[in-house]
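Everything below concerns the one structure shown next.
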Amino acid sequence: MTRPLHGVLVADFSRVLAGPSCTMTLADLGATVIKVERPGTGDDTRSWGPPWSATSSTYFESVNRTKRSVTLDLDDPADLTLARELARRADVLVENFRPGALDRRGLGYAQVAAANPGVVYCTISGFGPGAGAGLLGYDFIVQAVGGLMSVTGAADGEPAKAGVALVDVLTGKDAAIGILAALTARANTGRGCHVEVNLLSSLLAALVNQAQGYLETGVPPGRMGNRHPSIAPYETLRCRDGLLAVACGNDGQFARLTRVLGDPGLATDERFATNAARVANREELVAALEGLLAAADAAEWQERLTAEQVPAGCVADIAEAFGLAERLGLTPAVRPRPDRAPQVRHPVSYSEDLVRPAEPPPALGEHDAAVRAWLASAGGSLADLDPVDPATPPPVDVSGARGEVPRTGGVRGG
């Protein structure tokens, strides 16, 4: 099967998370991705451990599978010549250098497009090309200044960041979408495009209802912990042994919740009969529900509520989450090679075989000889660097810390 991006060459001049996650998505879809790294140190994330992998860090491994690594010193004239040749041959170039850094080396968009008019050139920055061009774009900083922390955390506590570099991940997805759109346009027009994404814009778009609420009212929302500003109950509620996430998106679900809890009269109480009333009387609602939930453990309530089509779930850790995905048949991970750790699989499923089998993330400079020879050769074929897809690796049972996933973990009682 020819993958959707088979034959597309991606020159990956990006590092850390947003850019590499974007180019890994392109590699999953069949593109040949050549990752350009600094000699000696490589991508910054190779040293971001623990935890460590067999070749670098698990951070690096999370977003760099199925790529070819070449080390090029862009301050060395010979290496710079090879880098320019790579850009000239590329269908897509992805970079997140500081403004002007690549222009000084003849690798800016205008310079690359002059030699390669069909190139889709993607620039990823923290705050865009204008007044924010000189600002350093780190996910944590953008979560702070971009408003995400202001709506994350307990109402009476400090603002909190998300537990993963969420803005980088969102920006990487936006970059992939932009590149795919530009490639589609190029197929129709023959012209390339400069695609620009930045962390702040991706975050603001991802604030969805919170952002639109502000734009409509002029009032910025605040922190509500695990509560939803517009729906109730849509939060964690305390049971006999811990917390249960409950999400009633309509009056019918709330009525079923009250029946399972043993007090159906709550659904007709004028304080709780509609969602608007429940939001207005949230404190009384929570007190009533938690009084009933105290009669049993969270796992038991989850099982009973799920059976009645009331959205509810225990709060799981990551090992339990993988265990749940396994039990649901979602195949959350694949092993690129028997001697390498599993990888989180490409998250989209297709009715056709569109996803390329995963290959292990490369060691630093693993493909130096092959890539350098290919760039120096006038008639080299892309197949010389990227042969036909290997056999599809088998799915794996994912383990937490290399141990067996608890089969009773995750959504307990499910």
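Scheme for the structure tokens: letters A, B, ... for chains in order shown; per-chain residue numbers from 1; ligand numbers from 1 in order shown.
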
Name the residues in contact with Ala110 of chain A at a cut-off of 12 Å, using only C-alpha atoms, excluding same-chain residues fewer than 4 positions from it; report them as a tab-separated table (two decimals) with N, CA, C and O atoms, in the first residue's frame.
```tsv
chain	number	residue	atom	x	y	z
A	87	ALA	N	17.43	21.30	1.68
A	87	ALA	CA	16.30	22.22	1.55
A	87	ALA	C	15.84	22.34	0.11
A	87	ALA	O	14.65	22.48	-0.17
A	88	ARG	N	16.79	22.30	-0.82
A	88	ARG	CA	16.44	22.43	-2.24
A	88	ARG	C	15.64	21.22	-2.72
A	88	ARG	O	14.74	21.34	-3.55
A	100	GLY	N	15.72	35.00	11.96
A	100	GLY	CA	16.94	35.46	11.31
A	100	GLY	C	18.06	34.45	11.29
A	100	GLY	O	18.99	34.57	10.48
A	102	LEU	N	18.23	31.25	10.37
A	102	LEU	CA	18.37	30.51	9.13
A	102	LEU	C	18.56	31.43	7.93
A	102	LEU	O	19.24	31.06	6.96
A	103	ASP	N	18.00	32.63	7.98
A	103	ASP	CA	18.22	33.59	6.89
A	103	ASP	C	19.70	33.89	6.73
A	103	ASP	O	20.21	34.01	5.61
A	104	ARG	N	20.40	34.02	7.84
A	104	ARG	CA	21.84	34.32	7.79
A	104	ARG	C	22.63	33.19	7.16
A	104	ARG	O	23.76	33.39	6.71
A	105	ARG	N	22.04	32.02	7.11
A	105	ARG	CA	22.73	30.86	6.54
A	105	ARG	C	22.17	30.47	5.17
A	105	ARG	O	22.48	29.40	4.65
A	106	GLY	N	21.33	31.32	4.62
A	106	GLY	CA	20.76	31.02	3.31
A	106	GLY	C	19.68	29.98	3.34
A	106	GLY	O	19.34	29.37	2.31
A	114	ALA	N	13.28	30.43	-3.45
A	114	ALA	CA	13.87	30.88	-4.72
A	114	ALA	C	14.47	29.71	-5.48
A	114	ALA	O	14.40	29.65	-6.72
A	115	ALA	N	15.08	28.77	-4.76
A	115	ALA	CA	15.67	27.59	-5.39
A	115	ALA	C	14.70	26.44	-5.50
A	115	ALA	O	14.90	25.53	-6.31
A	116	ASN	N	13.64	26.48	-4.71
A	116	ASN	CA	12.69	25.36	-4.62
A	116	ASN	C	11.28	25.93	-4.50
A	116	ASN	O	10.69	25.96	-3.43
A	117	PRO	N	10.71	26.42	-5.61
A	117	PRO	CA	9.42	27.14	-5.54
A	117	PRO	C	8.27	26.30	-5.00
A	117	PRO	O	7.28	26.86	-4.51
A	118	GLY	N	8.37	24.99	-5.06
A	118	GLY	CA	7.28	24.16	-4.59
A	118	GLY	C	7.36	23.80	-3.12
A	118	GLY	O	6.50	23.07	-2.62
A	119	VAL	N	8.35	24.32	-2.41
A	119	VAL	CA	8.54	23.92	-1.02
A	119	VAL	C	7.41	24.42	-0.12
A	119	VAL	O	6.91	25.53	-0.27
A	120	VAL	N	6.97	23.56	0.78
A	120	VAL	CA	6.07	23.96	1.87
A	120	VAL	C	6.96	24.17	3.08
A	120	VAL	O	7.50	23.21	3.63
A	121	TYR	N	7.13	25.41	3.47
A	121	TYR	CA	8.10	25.80	4.49
A	121	TYR	C	7.34	26.19	5.75
A	121	TYR	O	6.58	27.17	5.75
A	192	GLY	N	4.38	26.29	-3.79
A	192	GLY	CA	4.57	26.02	-2.38
A	192	GLY	C	3.94	27.12	-1.53
A	192	GLY	O	3.19	27.97	-2.03
A	193	CYS	N	4.29	27.14	-0.25
A	193	CYS	CA	3.64	28.06	0.67
A	193	CYS	C	4.49	28.19	1.93
A	193	CYS	O	5.19	27.24	2.32
A	194	HIS	N	4.42	29.36	2.56
A	194	HIS	CA	5.04	29.55	3.87
A	194	HIS	C	3.95	29.39	4.92
A	194	HIS	O	3.01	30.18	4.99
```

Practice task
Skip segment 171-178 of chain A itself and residues of its chain fewer than 4 positions away, then list as a ChimeraX atom specification all residues within 12 Å of it, counting only C-alpha atoms.
Solution key: /A:10,14-29,63,92-96,120-127,137-139,142,165-167,182-185,193-206,347

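Take the candidates A:Leu261, A:Ala181, A:Gly329, A:Glu216 and check each one against Gln302 of chain A using only C-alpha atoms; the shortest distance goes to A:Leu261.
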
Problem - Selected residue, from A:Arg278, A:Arg304, A:Arg84, A:Arg89, that lies nearest to Val260 of chain A when counting only C-alpha atoms - result: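 Result for the nearest residue to Val260 of chain A: A:Arg304.
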
Problem - Every residue of segment 105-330 of chain A that DSSP places in strand (DSSP E), as a list of chain:residue names - result: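 Here is the list: A:Val120, A:Tyr121, A:Cys122, A:Thr123, A:Ile124, A:Ser125, A:Cys193, A:His194, A:Val195, A:Glu196, A:Val197, A:Asn198, A:Tyr234, A:Glu235, A:Thr236, A:Leu237, A:Arg238, A:Leu243, A:Leu244, A:Ala245, A:Val246, A:Ala247, A:Ala312, A:Gly313, A:Cys314.
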
Export N, CA and C atoms of the chosen residues as a PDB file, in the first residue's frame?
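Output below, filename selection_30.pdb:
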```pdb
ATOM      1  N   VAL A 120       6.969  23.563   0.777  1.00  0.00           N
ATOM      2  CA  VAL A 120       6.066  23.963   1.867  1.00  0.00           C
ATOM      3  C   VAL A 120       6.961  24.171   3.076  1.00  0.00           C
ATOM      4  N   TYR A 121       7.132  25.410   3.468  1.00  0.00           N
ATOM      5  CA  TYR A 121       8.104  25.802   4.487  1.00  0.00           C
ATOM      6  C   TYR A 121       7.337  26.194   5.748  1.00  0.00           C
ATOM      7  N   CYS A 122       7.517  25.436   6.801  1.00  0.00           N
ATOM      8  CA  CYS A 122       6.744  25.663   8.024  1.00  0.00           C
ATOM      9  C   CYS A 122       7.638  26.237   9.113  1.00  0.00           C
ATOM     10  N   THR A 123       7.279  27.421   9.581  1.00  0.00           N
ATOM     11  CA  THR A 123       7.987  28.082  10.672  1.00  0.00           C
ATOM     12  C   THR A 123       7.146  27.996  11.935  1.00  0.00           C
ATOM     13  N   ILE A 124       7.744  27.493  12.997  1.00  0.00           N
ATOM     14  CA  ILE A 124       7.083  27.386  14.296  1.00  0.00           C
ATOM     15  C   ILE A 124       7.779  28.328  15.263  1.00  0.00           C
ATOM     16  N   SER A 125       7.009  29.207  15.886  1.00  0.00           N
ATOM     17  CA  SER A 125       7.591  30.172  16.826  1.00  0.00           C
ATOM     18  C   SER A 125       6.741  30.227  18.086  1.00  0.00           C
ATOM     19  N   CYS A 193       4.293  27.140  -0.252  1.00  0.00           N
ATOM     20  CA  CYS A 193       3.644  28.064   0.672  1.00  0.00           C
ATOM     21  C   CYS A 193       4.491  28.192   1.926  1.00  0.00           C
ATOM     22  N   HIS A 194       4.421  29.358   2.560  1.00  0.00           N
ATOM     23  CA  HIS A 194       5.040  29.550   3.866  1.00  0.00           C
ATOM     24  C   HIS A 194       3.951  29.386   4.919  1.00  0.00           C
ATOM     25  N   VAL A 195       4.043  28.339   5.706  1.00  0.00           N
ATOM     26  CA  VAL A 195       3.088  28.052   6.774  1.00  0.00           C
ATOM     27  C   VAL A 195       3.702  28.538   8.084  1.00  0.00           C
ATOM     28  N   GLU A 196       2.989  29.391   8.810  1.00  0.00           N
ATOM     29  CA  GLU A 196       3.502  29.909  10.077  1.00  0.00           C
ATOM     30  C   GLU A 196       2.533  29.569  11.203  1.00  0.00           C
ATOM     31  N   VAL A 197       3.039  28.940  12.246  1.00  0.00           N
ATOM     32  CA  VAL A 197       2.247  28.660  13.432  1.00  0.00           C
ATOM     33  C   VAL A 197       3.021  29.142  14.646  1.00  0.00           C
ATOM     34  N   ASN A 198       2.295  29.502  15.690  1.00  0.00           N
ATOM     35  CA  ASN A 198       2.963  29.927  16.914  1.00  0.00           C
ATOM     36  C   ASN A 198       2.208  29.398  18.126  1.00  0.00           C
ATOM     37  N   TYR A 234     -20.552  18.302  36.540  1.00  0.00           N
ATOM     38  CA  TYR A 234     -19.529  17.989  35.549  1.00  0.00           C
ATOM     39  C   TYR A 234     -18.209  18.242  36.254  1.00  0.00           C
ATOM     40  N   GLU A 235     -17.827  17.304  37.152  1.00  0.00           N
ATOM     41  CA  GLU A 235     -16.714  17.541  38.074  1.00  0.00           C
ATOM     42  C   GLU A 235     -16.379  16.259  38.806  1.00  0.00           C
ATOM     43  N   THR A 236     -15.380  16.304  39.656  1.00  0.00           N
ATOM     44  CA  THR A 236     -15.091  15.159  40.516  1.00  0.00           C
ATOM     45  C   THR A 236     -15.888  15.298  41.808  1.00  0.00           C
ATOM     46  N   LEU A 237     -16.482  14.180  42.214  1.00  0.00           N
ATOM     47  CA  LEU A 237     -17.281  14.136  43.433  1.00  0.00           C
ATOM     48  C   LEU A 237     -16.692  13.088  44.371  1.00  0.00           C
ATOM     49  N   ARG A 238     -16.747  13.365  45.659  1.00  0.00           N
ATOM     50  CA  ARG A 238     -16.117  12.480  46.630  1.00  0.00           C
ATOM     51  C   ARG A 238     -17.046  11.335  47.004  1.00  0.00           C
ATOM     52  N   LEU A 243     -12.285   9.899  44.710  1.00  0.00           N
ATOM     53  CA  LEU A 243     -12.994  10.764  43.777  1.00  0.00           C
ATOM     54  C   LEU A 243     -13.551   9.989  42.585  1.00  0.00           C
ATOM     55  N   LEU A 244     -14.694  10.451  42.101  1.00  0.00           N
ATOM     56  CA  LEU A 244     -15.328   9.929  40.906  1.00  0.00           C
ATOM     57  C   LEU A 244     -15.636  11.102  39.984  1.00  0.00           C
ATOM     58  N   ALA A 245     -15.212  11.003  38.732  1.00  0.00           N
ATOM     59  CA  ALA A 245     -15.561  12.023  37.751  1.00  0.00           C
ATOM     60  C   ALA A 245     -16.957  11.743  37.221  1.00  0.00           C
ATOM     61  N   VAL A 246     -17.828  12.742  37.285  1.00  0.00           N
ATOM     62  CA  VAL A 246     -19.208  12.606  36.820  1.00  0.00           C
ATOM     63  C   VAL A 246     -19.479  13.728  35.828  1.00  0.00           C
ATOM     64  N   ALA A 247     -20.053  13.378  34.678  1.00  0.00           N
ATOM     65  CA  ALA A 247     -20.291  14.383  33.633  1.00  0.00           C
ATOM     66  C   ALA A 247     -21.700  14.216  33.092  1.00  0.00           C
ATOM     67  N   ALA A 312     -19.326   8.400  33.899  1.00  0.00           N
ATOM     68  CA  ALA A 312     -18.635   8.447  35.185  1.00  0.00           C
ATOM     69  C   ALA A 312     -17.374   7.611  35.088  1.00  0.00           C
ATOM     70  N   GLY A 313     -16.325   8.035  35.802  1.00  0.00           N
ATOM     71  CA  GLY A 313     -15.090   7.269  35.778  1.00  0.00           C
ATOM     72  C   GLY A 313     -14.192   7.616  36.948  1.00  0.00           C
ATOM     73  N   CYS A 314     -13.484   6.579  37.436  1.00  0.00           N
ATOM     74  CA  CYS A 314     -12.488   6.805  38.487  1.00  0.00           C
ATOM     75  C   CYS A 314     -11.285   7.542  37.893  1.00  0.00           C
TER      76      CYS A 314
END
```

Practice task
Determine, counting only C-alpha atoms, which protein, DNA and RNA residues have an atom within 12 Å of an atom of segment 369-373 of chain A; residues of the same chain fewer than 6 positions away are not included. Present the result as a PyMOL selection string.
Solution key: chain A and resi 11+32-36+67-72+78-83+85-86+379-386

Completion exercise
Residue with the minimum atom-to-atom distance to Gly40 of chain A, picked from A:Thr258, A:Ala363, A:Pro99, A:Ser377 with only C-alpha atoms counted, is A:Ala363
